[in-house]
Every structure is written in C-alpha cells, then in structure tokens.
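Trainee: target-v2.txt is the file, holding compact mmCIF, C-alpha atoms:
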```txt
# COMPACT_ATOMS: atom_id res chain seq x y z
CA MET F 1 13.98 25.69 35.24
CA SER F 2 13.35 22.22 33.85
CA LEU F 3 14.45 21.42 30.31
CA GLY F 4 12.25 18.36 29.92
CA ILE F 5 11.55 17.27 26.36
CA ASP F 6 7.87 18.16 26.64
CA GLY F 7 8.27 21.47 28.48
CA ALA F 8 8.03 25.10 27.36
CA PRO F 9 11.59 26.02 28.52
CA ALA F 10 13.18 23.49 26.15
CA LEU F 11 11.03 24.72 23.27
CA LEU F 12 11.87 28.37 24.04
CA LEU F 13 15.59 27.58 24.21
CA ALA F 14 15.40 25.78 20.86
CA VAL F 15 13.63 28.77 19.27
CA LEU F 16 16.23 31.19 20.64
CA LEU F 17 19.06 28.98 19.38
CA ALA F 18 17.49 28.78 15.92
CA THR F 19 17.06 32.56 15.85
CA ALA F 20 20.67 33.09 16.88
CA VAL F 21 21.95 30.71 14.20
CA PHE F 22 19.84 32.44 11.55
CA ALA F 23 21.12 35.88 12.62
CA GLY F 24 24.69 34.61 12.64
CA THR F 25 24.25 33.21 9.15
CA VAL F 26 22.99 36.56 7.85
CA LEU F 27 26.03 38.31 9.33
CA LEU F 28 28.63 35.77 8.20
CA TRP F 29 27.33 34.94 4.74
CA PRO F 30 28.89 37.98 2.94
CA ARG F 31 32.30 36.97 4.29
CA LEU F 32 31.86 33.47 2.93
CA SER F 33 30.65 34.50 -0.53
CA VAL F 34 34.06 33.96 -2.05
CA ARG F 35 35.72 31.06 -3.81
CA GLY F 36 37.79 28.46 -2.07
CA PRO F 37 37.30 25.27 -0.12
CA GLY F 38 37.16 27.07 3.22
CA ALA F 39 34.30 29.31 2.12
CA VAL F 40 32.39 26.37 0.62
CA LEU F 41 32.74 24.39 3.85
CA GLY F 42 31.65 27.43 5.86
CA ARG F 43 28.52 27.98 3.76
CA SER F 44 27.68 24.29 3.95
CA ALA F 45 28.10 24.28 7.74
CA LEU F 46 25.84 27.30 8.12
CA GLN F 47 23.15 25.76 5.93
CA LEU F 48 23.29 22.55 7.93
CA ALA F 49 23.13 24.46 11.21
CA ILE F 50 20.06 26.40 10.04
CA THR F 51 18.31 23.19 8.93
CA LEU F 52 18.97 21.40 12.20
CA THR F 53 18.15 24.29 14.53
CA MET F 54 14.96 25.11 12.63
CA ALA F 55 13.83 21.47 12.77
CA VAL F 56 14.34 21.03 16.52
CA PRO F 57 11.60 23.50 17.65
CA LEU F 58 9.13 21.94 15.22
CA LEU F 59 9.90 18.45 16.48
CA LEU F 60 9.66 19.54 20.13
CA ALA F 61 6.31 21.22 19.47
CA ALA F 62 4.99 18.11 17.71
CA ASN F 63 6.18 15.92 20.58
CA SER F 64 4.51 18.19 23.11
CA SER F 65 1.21 17.93 21.23
CA TYR F 66 1.31 14.21 20.43
CA GLY F 67 3.23 12.82 23.41
CA PHE F 68 5.61 10.54 21.52
CA TYR F 69 8.33 10.80 24.19
CA GLY F 70 8.04 11.79 27.83
CA SER F 71 11.73 12.40 28.51
CA TRP F 72 15.11 12.66 26.81
CA GLY F 73 15.82 9.16 28.12
CA ASP F 74 12.72 7.88 26.30
CA LEU F 75 13.94 9.48 23.07
CA LEU F 76 17.43 8.04 23.36
CA SER F 77 16.22 4.73 24.85
CA LEU F 78 18.74 5.07 27.64
CA ARG F 79 16.65 3.63 30.45
CA ARG F 80 13.70 1.42 31.20
CA ASP F 81 12.53 3.21 34.33
CA ASP F 82 11.27 6.78 34.26
CA PRO F 83 12.25 9.20 36.99
CA ILE F 84 9.62 10.19 39.53
CA PRO F 85 7.39 12.52 37.48
CA ALA F 86 7.21 16.19 38.30
CA GLY F 87 4.22 16.96 40.50
CA THR F 88 4.45 13.60 42.30
CA ASP F 89 4.36 13.51 46.09
CA THR F 90 6.60 10.64 47.20
CA SER F 91 5.68 10.84 50.89
CA GLY F 92 3.06 8.13 50.38
CA ALA F 93 5.33 5.84 48.38
CA ASP F 94 5.31 2.14 49.17
CA PRO F 95 8.82 0.76 48.53
CA SER F 96 7.91 -2.80 49.45
CA GLY F 97 6.42 -3.69 46.08
CA ARG F 98 4.14 -6.28 47.67
CA ASP F 99 1.79 -8.10 45.33
CA GLY F 100 3.99 -7.12 42.38
CA LEU F 101 2.97 -3.45 42.57
CA ARG F 102 5.10 -0.66 44.04
CA VAL F 103 3.64 2.80 44.65
CA ARG F 104 6.21 5.39 43.64
CA GLY F 105 4.21 8.40 44.78
CA THR F 106 0.99 10.36 44.39
CA HIS F 107 0.48 12.55 41.33
CA SER F 108 -0.87 15.97 42.29
CA TRP F 109 -3.83 17.11 40.24
CA ARG F 110 -6.78 19.45 40.52
CA TYR F 111 -10.25 19.56 39.05
CA GLY F 112 -12.84 22.28 39.41
CA GLY F 113 -10.53 24.22 41.72
CA SER F 114 -10.11 21.30 44.14
CA GLY F 115 -7.17 19.02 44.74
CA ASP F 116 -8.79 17.14 47.61
CA PRO F 117 -8.59 13.36 46.94
CA GLU F 118 -11.92 12.91 48.70
CA ALA F 119 -13.49 15.23 46.12
CA VAL F 120 -11.61 14.45 42.90
CA GLY F 121 -9.93 11.12 43.57
CA ARG F 122 -6.31 10.02 43.87
CA ILE F 123 -3.72 9.28 41.17
CA GLU F 124 -0.84 7.03 42.16
CA ALA F 125 2.34 6.52 40.12
CA VAL F 126 3.18 2.81 40.29
CA THR F 127 5.55 0.18 38.96
CA VAL F 128 4.11 -3.24 38.16
CA ARG F 129 6.44 -6.25 38.08
CA GLY F 130 5.14 -9.38 36.39
CA ALA F 131 5.60 -12.70 38.15
CA ARG F 132 4.81 -14.77 35.05
CA SER F 133 6.23 -12.59 32.29
CA GLY F 134 9.25 -11.23 34.15
CA LEU F 135 8.45 -7.78 32.72
CA SER F 136 7.97 -4.54 34.61
CA ALA F 137 6.27 -1.33 33.56
CA GLN F 138 5.14 1.95 35.01
CA ALA F 139 1.59 3.21 35.17
CA TYR F 140 -0.77 5.62 36.84
CA VAL F 141 -3.70 4.28 38.84
CA TYR F 142 -6.70 6.57 39.28
CA LEU F 143 -8.80 5.79 42.35
CA PRO F 144 -12.16 7.60 42.30
CA PRO F 145 -13.29 9.52 45.41
CA GLN F 146 -15.71 6.73 46.33
CA TYR F 147 -12.83 4.25 46.65
CA ALA F 148 -11.39 6.00 49.72
CA TYR F 149 -14.36 5.23 51.97
CA ALA F 150 -15.53 1.96 50.42
CA THR F 151 -15.43 -1.22 52.45
CA ALA F 152 -13.33 -4.14 51.26
CA ARG F 153 -16.43 -5.79 49.82
CA ARG F 154 -17.49 -2.62 48.04
CA ARG F 155 -14.04 -2.18 46.50
CA GLU F 156 -14.46 -5.51 44.77
CA GLU F 157 -17.48 -4.02 42.99
CA PHE F 158 -15.54 -1.23 41.24
CA PRO F 159 -15.11 -1.76 37.49
CA VAL F 160 -11.48 -1.59 36.38
CA VAL F 161 -10.41 -0.05 33.05
CA LEU F 162 -6.96 -0.46 31.57
CA ALA F 163 -6.28 2.48 29.22
CA LEU F 164 -3.38 2.16 26.78
CA SER F 165 -1.67 4.87 24.75
CA GLY F 166 -0.12 4.40 21.32
CA PHE F 167 3.53 3.89 20.35
CA PRO F 168 5.86 5.63 20.97
CA SER F 169 4.32 7.37 23.92
CA THR F 170 4.32 7.81 27.68
CA PRO F 171 1.62 7.34 30.34
CA ARG F 172 1.58 11.11 30.89
CA VAL F 173 -0.31 11.66 27.62
CA LEU F 174 -3.25 9.78 29.14
CA LEU F 175 -3.27 12.33 31.97
CA ASP F 176 -2.28 15.52 30.16
CA LEU F 177 -3.73 15.13 26.68
CA LEU F 178 -6.56 12.60 26.90
CA ARG F 179 -7.34 13.49 30.55
CA TYR F 180 -8.82 10.14 31.53
CA PRO F 181 -9.31 10.96 35.25
CA GLN F 182 -11.08 14.23 34.43
CA ARG F 183 -13.31 12.50 31.87
CA ALA F 184 -14.22 9.80 34.39
CA LEU F 185 -14.96 12.30 37.15
CA GLU F 186 -17.15 14.42 34.88
CA ALA F 187 -19.13 11.39 33.74
CA VAL F 188 -19.68 10.17 37.31
CA ARG F 189 -20.80 13.60 38.52
CA ALA F 190 -23.19 13.87 35.57
CA GLY F 191 -24.65 10.45 36.35
CA ARG F 192 -23.53 8.92 33.05
CA MET F 193 -21.06 6.42 34.53
CA ARG F 194 -20.36 4.43 37.68
CA PRO F 195 -17.14 5.16 39.55
CA ALA F 196 -14.30 3.08 38.13
CA VAL F 197 -10.63 2.48 38.81
CA LEU F 198 -8.41 3.42 35.86
CA VAL F 199 -4.98 1.95 35.09
CA LEU F 200 -3.15 4.23 32.66
CA MET F 201 -0.05 3.06 30.80
CA THR F 202 1.62 2.46 27.44
CA PRO F 203 1.65 -0.89 25.64
CA THR F 204 5.45 -0.68 25.53
CA VAL F 205 6.59 -3.05 28.28
CA ALA F 206 9.98 -3.93 26.76
CA PRO F 207 11.30 -0.55 25.54
CA PRO F 208 12.45 0.48 23.07
CA ARG F 209 10.79 -2.44 21.26
CA ASP F 210 7.19 -2.13 20.13
CA THR F 211 5.88 -5.54 21.17
CA GLU F 212 2.25 -4.93 20.08
CA CYS F 213 1.06 -6.88 23.17
CA VAL F 214 2.45 -10.11 21.71
CA ASP F 215 4.07 -13.01 23.54
CA VAL F 216 7.22 -12.98 21.41
CA PRO F 217 8.75 -16.48 20.98
CA GLY F 218 11.96 -16.38 22.97
CA GLY F 219 11.34 -12.73 23.79
CA PRO F 220 9.16 -10.38 25.87
CA GLN F 221 5.88 -11.94 27.00
CA ALA F 222 3.78 -8.81 26.62
CA GLU F 223 0.38 -10.50 26.27
CA THR F 224 1.02 -12.51 29.43
CA PHE F 225 1.94 -9.31 31.27
CA PHE F 226 -1.34 -7.58 30.40
CA ALA F 227 -3.62 -10.62 30.59
CA HIS F 228 -2.26 -12.04 33.87
CA ASP F 229 0.47 -10.10 35.69
CA LEU F 230 -1.03 -6.63 35.57
CA ARG F 231 -4.50 -7.78 36.57
CA ALA F 232 -3.20 -9.88 39.45
CA ALA F 233 -0.97 -7.12 40.82
CA VAL F 234 -3.58 -4.36 40.60
CA ALA F 235 -6.41 -6.50 41.95
CA SER F 236 -4.36 -7.76 44.88
CA HIS F 237 -2.87 -4.40 45.85
CA TYR F 238 -6.10 -2.41 45.67
CA GLY F 239 -8.56 -5.11 46.71
CA LEU F 240 -10.34 -5.13 43.34
CA THR F 241 -12.17 -7.88 41.51
CA ARG F 242 -10.28 -10.47 39.49
CA ASP F 243 -13.39 -11.47 37.57
CA ALA F 244 -13.11 -10.65 33.85
CA ARG F 245 -16.65 -9.29 33.90
CA GLY F 246 -15.32 -6.36 35.92
CA TRP F 247 -12.31 -5.61 33.69
CA GLY F 248 -12.24 -3.66 30.43
CA VAL F 249 -9.44 -2.34 28.23
CA MET F 250 -9.33 0.55 25.79
CA GLY F 251 -6.68 2.41 23.85
CA ASN F 252 -5.74 4.51 20.86
CA SER F 253 -3.72 3.45 17.81
CA VAL F 254 -1.45 0.53 18.86
CA GLY F 255 -3.16 0.66 22.26
CA GLY F 256 -6.48 0.18 20.49
CA TYR F 257 -5.17 -2.89 18.67
CA CYS F 258 -3.92 -4.28 21.97
CA ALA F 259 -7.29 -3.63 23.61
CA LEU F 260 -9.33 -5.44 20.95
CA LYS F 261 -6.84 -8.28 20.74
CA LEU F 262 -6.73 -8.83 24.49
CA ALA F 263 -10.51 -9.13 24.63
CA LEU F 264 -10.66 -11.53 21.67
CA ARG F 265 -7.70 -13.67 22.76
CA GLU F 266 -8.07 -13.37 26.54
CA PRO F 267 -11.82 -13.16 27.32
CA ASP F 268 -11.14 -14.62 30.77
CA ALA F 269 -9.12 -11.47 31.49
CA TYR F 270 -11.08 -8.67 29.78
CA ARG F 271 -14.74 -8.94 28.91
CA ALA F 272 -15.03 -5.62 27.04
CA ALA F 273 -12.71 -3.51 24.89
CA ALA F 274 -12.67 -0.27 22.91
CA GLY F 275 -10.22 0.55 20.12
CA LEU F 276 -9.84 4.17 18.98
CA SER F 277 -8.21 4.43 15.54
CA ALA F 278 -7.03 0.89 16.13
CA SER F 279 -4.92 -1.14 13.79
CA TYR F 280 -6.17 -4.68 13.26
CA GLU F 281 -2.95 -6.61 12.85
CA ALA F 282 0.51 -6.41 14.36
CA ALA F 283 2.99 -4.14 12.64
CA ARG F 284 6.29 -5.42 11.29
CA ASP F 285 8.94 -2.73 11.11
CA ALA F 286 12.21 -1.61 12.67
CA ASP F 287 10.50 -0.96 16.01
CA THR F 288 8.81 -4.36 16.26
CA GLY F 289 11.24 -6.70 14.58
CA ASP F 290 9.88 -10.18 13.98
CA LEU F 291 7.30 -10.62 16.74
CA PHE F 292 6.33 -14.16 15.74
CA GLY F 293 9.65 -15.91 15.20
CA GLY F 294 8.86 -16.43 11.54
CA ASP F 295 5.75 -18.44 12.40
CA ALA F 296 3.04 -17.47 9.90
CA GLY F 297 0.39 -19.22 12.00
CA LEU F 298 1.12 -17.10 15.06
CA ARG F 299 1.06 -13.93 12.98
CA ARG F 300 -2.28 -14.94 11.45
CA GLU F 301 -3.79 -15.57 14.88
CA SER F 302 -2.94 -11.99 15.88
CA ASP F 303 -4.72 -10.62 12.80
CA LEU F 304 -8.05 -9.56 14.29
CA LEU F 305 -10.03 -9.79 11.04
CA TRP F 306 -8.68 -13.28 10.41
CA ARG F 307 -9.67 -14.32 13.95
CA LEU F 308 -13.19 -13.00 13.56
CA ARG F 309 -13.65 -14.79 10.24
CA ASN F 310 -12.04 -18.11 11.10
CA LEU F 311 -12.28 -18.77 14.84
CA PRO F 312 -15.18 -18.98 17.30
CA GLN F 313 -15.89 -15.55 18.76
CA PRO F 314 -15.92 -15.15 22.54
CA PRO F 315 -18.76 -13.50 24.53
CA VAL F 316 -17.15 -10.05 24.66
CA SER F 317 -18.37 -6.52 23.98
CA LEU F 318 -16.28 -4.51 21.51
CA LEU F 319 -16.31 -0.89 20.42
CA VAL F 320 -14.37 0.62 17.53
CA ALA F 321 -13.98 4.31 16.71
CA SER F 322 -12.88 5.90 13.45
CA SER F 323 -13.54 8.83 11.10
CA ARG F 324 -14.96 8.76 7.58
CA LYS F 325 -12.48 11.44 6.49
CA GLY F 326 -8.92 11.66 7.72
CA GLU F 327 -8.54 8.15 9.16
CA HIS F 328 -6.78 5.61 6.94
CA GLN F 329 -8.09 2.68 9.01
CA TYR F 330 -11.75 3.54 8.35
CA PRO F 331 -12.29 0.82 5.66
CA ARG F 332 -10.73 -1.83 7.90
CA THR F 333 -12.89 -0.64 10.78
CA MET F 334 -16.01 -1.23 8.69
CA GLU F 335 -14.74 -4.72 7.83
CA PHE F 336 -14.18 -5.40 11.52
CA ILE F 337 -17.73 -4.37 12.38
CA ASP F 338 -19.16 -6.58 9.63
CA ALA F 339 -17.13 -9.57 10.82
CA VAL F 340 -18.34 -9.61 14.43
CA ARG F 341 -20.85 -12.36 15.18
CA ALA F 342 -22.66 -13.60 18.29
CA PRO F 343 -21.86 -14.22 21.04
CA ALA F 344 -19.51 -11.25 20.52
CA ARG F 345 -21.13 -7.84 20.19
CA VAL F 346 -19.85 -4.67 18.54
CA SER F 347 -20.65 -0.97 18.77
CA SER F 348 -19.03 1.93 16.97
CA ILE F 349 -18.24 5.64 17.10
CA VAL F 350 -17.84 7.08 13.60
CA LEU F 351 -16.94 10.74 13.27
CA GLY F 352 -17.52 12.68 10.07
CA SER F 353 -13.93 13.86 10.04
CA GLY F 354 -10.93 13.40 12.25
CA GLY F 355 -7.53 11.84 12.07
CA HIS F 356 -4.91 9.75 13.75
CA HIS F 357 -4.11 12.23 16.52
CA TYR F 358 -5.00 13.33 20.04
CA GLU F 359 -7.56 15.94 19.05
CA THR F 360 -9.72 13.20 17.53
CA TRP F 361 -9.09 10.72 20.35
CA GLY F 362 -9.96 13.44 22.85
CA ARG F 363 -13.45 13.57 21.32
CA GLU F 364 -13.80 9.79 21.37
CA VAL F 365 -12.53 9.02 24.87
CA PRO F 366 -15.55 10.30 26.88
CA PRO F 367 -18.25 8.27 25.07
CA ALA F 368 -15.95 5.26 24.72
CA LEU F 369 -15.07 5.28 28.42
CA GLU F 370 -18.72 5.57 29.44
CA TRP F 371 -19.66 2.77 27.02
CA LEU F 372 -16.91 0.53 28.38
CA VAL F 373 -17.74 0.99 32.04
CA GLY F 374 -21.39 0.40 31.20
CA ARG F 375 -20.49 -3.06 29.86
CA LEU F 376 -18.65 -4.12 33.03
CA SER F 377 -20.50 -5.88 35.81
CA PRO F 378 -18.27 -6.97 38.68
CA PRO F 379 -19.86 -9.77 40.73
```
Once more with this new file: its structure as structure tokens, please.

Mentor:
Amino acid sequence: MSLGIDGAPALLLAVLLATAVFAGTVLLWPRLSVRGPGAVLGRSALQLAITLTMAVPLLLAANSSYGFYGSWGDLLSLRRDDPIPAGTDTSGADPSGRDGLRVRGTHSWRYGGSGDPEAVGRIEAVTVRGARSGLSAQAYVYLPPQYAYATARRREEFPVVLALSGFPSTPRVLLDLLRYPQRALEAVRAGRMRPAVLVLMTPTVAPPRDTECVDVPGGPQAETFFAHDLRAAVASHYGLTRDARGWGVMGNSVGGYCALKLALREPDAYRAAAGLSASYEAARDADTGDLFGGDAGLRRESDLLWRLRNLPQPPVSLLVASSRKGEHQYPRTMEFIDAVRAPARVSSIVLGSGGHHYETWGREVPPALEWLVGRLSPP
C-alpha cells in the first residue's frame, strides 16, 4: 500500500488517526479536568493534537483535488528529481540523455477501454537538461497515435504544445486533473483538432523557488530554459519542427502568465499562447524572492500590460480565459484584451462564473487547446 501524498491510503490513515485522537480526548478529558500544571499541560496537548490531526485530512484532500504537491519530497523540498511515477513502464527508458532529453519510462494510460499506443497514443516521462540555462526539469510528452507511423518529414509537421501547470504543482495534475492527452484525443477523433505533440510540465524549474519563467540576474535562467533549451531538446529527440509557427504554449495561473509572457517576449520561440486565469505580472513573495535583482526596468518589462502599452507588439496569437464571477483577475483580463494591438491578435473565453481552481480550468482546457493548435502552422 502506497502512502503517497496524493493517494487515498494516506488520506484514510489521516482520518483514522484524527478519529483516534478525538476518541482518546473524550476518554481522557475527565481525568484532566482538575487543577494543577500537569492537567493544564495535558488539556493543552490534547487540544493541539486534535487541531493538528483534524487539519491534516483536510489539507491532504485539498492537495489531492488541486495538485499542489505530487510527493512528500515536493512538500518538504527535499529533492529536485521526482521518483519514477507509479504506472510508468521503464523498459523503454533511454538512459543516454542524447539531445538533452532522457526518457525515464512510458506512463501507462487507457482511454475508451484501450491502452494500445497505436489507438490512444503514448505518454513518455522525460527529463530535459538545458544546455544554455544549465537547468533540468521533468515532463511528460504525449505522442498522438499518428506519430508512431509518420515518416520523418511528416513528424516535422506536427504542432507542438507546451502545457504548464500553476505553482506549486506537479506535472501529474496535467494528466490526472486537466487530462490534456484525453482532451487532445477526443478533439482529434471528433475532427475539431489536428494531432499534436504535447509537452506537459510545471513552470518550476529551480524548485522550491517560483521563478515565474524569468531569467533571474545571477540566478536560474528559466526563460532561457523554456524559450531555447526545452524546444531544442524536444525537437531534436522527437524529430519535430523548430519553427516557432509550429509551437504554442498554454497554462493555468502562473503557467498562464508564463505562456503569455513567452509569446510576447520570445515570438521566435512560440507564435501562439493561451493563459487560463493568468496573472499579468510576476509575483514578489517568499516563494519568488527578488526575481529582478532590484532592477525596476526588468520588472516592468515582465509586466504584460506595460509591455502591451509601451512596446511594439509581435505577430502572435493570444487567448485569455477568465470568469465574470469568482475570478479576481477578471478586470485585469479585460484590460489585457483592450491593450492588444496589431500585429498581435487576441481571443478570449469568458465564463459566467468560475474560480481559480481545476474545475474551472477543466472547462477551459478543451476549447483553449483546440484554439491553440488551430493557430499553429508548422512549415
């Protein structure tokens, strides 16, 4: 039985422990209802134990729903590299890491009762190591069924979509909660989208720091990793196009900010982007630290509204998604839409109600993914 942070066994154990502590408190309380320092300390300890054990199941349930942490190591920031995920077949692993990409194994998945890669596609767990940035990060790469029998020339014609989660998070939420491969397969089978290769990962490439896809002065070069290293490694390993017209990026929350920023700042890397509940400027808190080395000019250049209003806009296609009720970024989203000018183009998905969570993003991913792939035209 696995006691992973996002699994049912850990949640059940936490509930049982909380129940046991509550029952113990009920039994012991009469004995401690006397005067004296020992009794006071005993009552205080029981109250603290109840508070902590009651909170743990709630926090585990929230983490399971929202995917903040994928493992205990993620929570405690004890390691950079995740273990091989459960359900991953390592027999096809490629330990060589040629081209800056190492295949760690194949993630087993099923759709419509089938687990045949020729019918539903293949999901590989990979590690990407950046030659220019010096960073490394883990991801899942979804190869559609059509990729398996495509010629080398035809593989260059597949659009490539980088999908980013929020912070803190794990790439598994893009599989388990937002279900990107399933969404893509459904859209292709329904004739709403061309087959595309998906790269699924978090924007956190220097954990535990939230780098907001910024090239930090004297620190992690996150923008360089996504704009150059990741594209080069994936394109080389899988025989895909390097042309920006064939690459798009989308994400939710911090991932949405990264997506829009990469398109606006790196149009030679990504020609289209979609931000779901995106922020429009880099955060500054305990998780980020000072991302710009105190340079107000660098911070201003990463403010997307400032860029749109003060700098020439590149020929990119952008999509933003928000909700009129329940989404605090809705007013800023409307400002973003109003600020876009040619040659940039903007589209939007505006829900009547929603929020900053996976239930809302789950509704937005299918149309946003189809829109994004529709804007990509590999040569």

Trainee: Using only C-alpha atoms, which residue out of F:Arg110, F:Arg231, F:Arg172, F:Arg183 lies closest to Leu200 (chain F)?

Mentor: F:Arg172

Trainee: From the set F:Arg192, F:Arg155, F:Arg179, F:His228, which residue has the shortest atom-to-atom contact distance to Glu359 (chain F), counting only C-alpha atoms?

Mentor: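 Under the stated criterion, the closest residue is F:Arg179.
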
Trainee: So which residues touch region 271-283 of chain F within 6 Å, counting only C-alpha atoms, skipping near sequence neighbours fewer than 3 positions away, as a list of chain:residue names?

Mentor: F:Ala244, F:Arg245, F:Gly248, F:Val249, F:Met250, F:Gly251, F:Asn252, F:Ser253, F:Gly256, F:Tyr257, F:Ala259, F:Leu260, F:Pro267, F:Asp303, F:Leu304, F:Val316, F:Ser317, F:Leu318, F:Leu319, F:Val320, F:Ala321, F:Ser322

Trainee: Please identify all polymer residues within 12 Å of Leu185 (chain F), counting all atoms listed in the file, omitting same-chain residues fewer than 5 positions from it, and present them as a list in words.

Mentor: Arg110, Tyr111, Gly112, Pro117, Glu118, Ala119, Val120, Gly121, Arg122, Tyr142, Leu143, Pro144, Pro145, Gln146, Arg179, Tyr180, Ala190, Gly191, Arg192, Met193, Arg194, Pro195, Ala196, Val197, Leu198, Pro366, Leu369 and Glu370 of chain F

Trainee: CA of Leu12 (chain F) and CA of Val26 (chain F), how far apart in Å?

Mentor: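 The value is 21.3 Å.
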
Trainee: Can you tell me how far CA of Pro171 (chain F) sits from CA of Gln138 (chain F), in Å to one decimal?

Mentor: 8.0 Å

Trainee: What's the separation between CA of Val161 (chain F) and CA of Leu376 (chain F), in Å to one decimal place?

Mentor: 9.2 Å

Trainee: Which protein, DNA or RNA residues are at most 6 Å from (6.0, -0.3, 43.3) in the file's coordinates when you count all atoms listed in the file, listed as a list in words?

Mentor: Gly97, Leu101, Arg102, Val103, Arg104, Val126 and Thr127 of chain F

Trainee: Quick one: residues within 12 Å of (-9.6, -8.9, 9.0) (file frame), counting only C-alpha atoms, please, as an NGL selection string.

Mentor: :F and (279-282 or 300-311 or 329 or 331-340)

Trainee: Which residue is closest to Ala187 (chain F)? Choose from F:Asp210, F:Ser169, F:Pro367, F:Arg375 and count all atoms listed in the file.

Mentor: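 The closest residue to Ala187 (chain F) is F:Pro367.
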
Trainee: For Val199 (chain F), which residue out of F:Val56, F:Ala263, F:Ala137, F:Leu291 is the nearest one, using all atoms listed in the file?

Mentor: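 Once distances to Val199 (chain F) are computed over all atoms listed in the file, the minimum belongs to F:Ala137.
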
Trainee: Quick one: of F:Ala235, F:Ile50, F:Ala45, F:Ala206, who's nearest to Phe158 (chain F), counting all atoms listed in the file?

Mentor: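 Closest residue, counting all atoms listed in the file: F:Ala235.
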
Trainee: When distances are computed from all atoms listed in the file, which of F:Ala49, F:Leu28, F:Cys213, F:Ala269 shows the smallest separation from Gly166 (chain F)?

Mentor: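 The answer is F:Cys213, which sits nearest to Gly166 (chain F).
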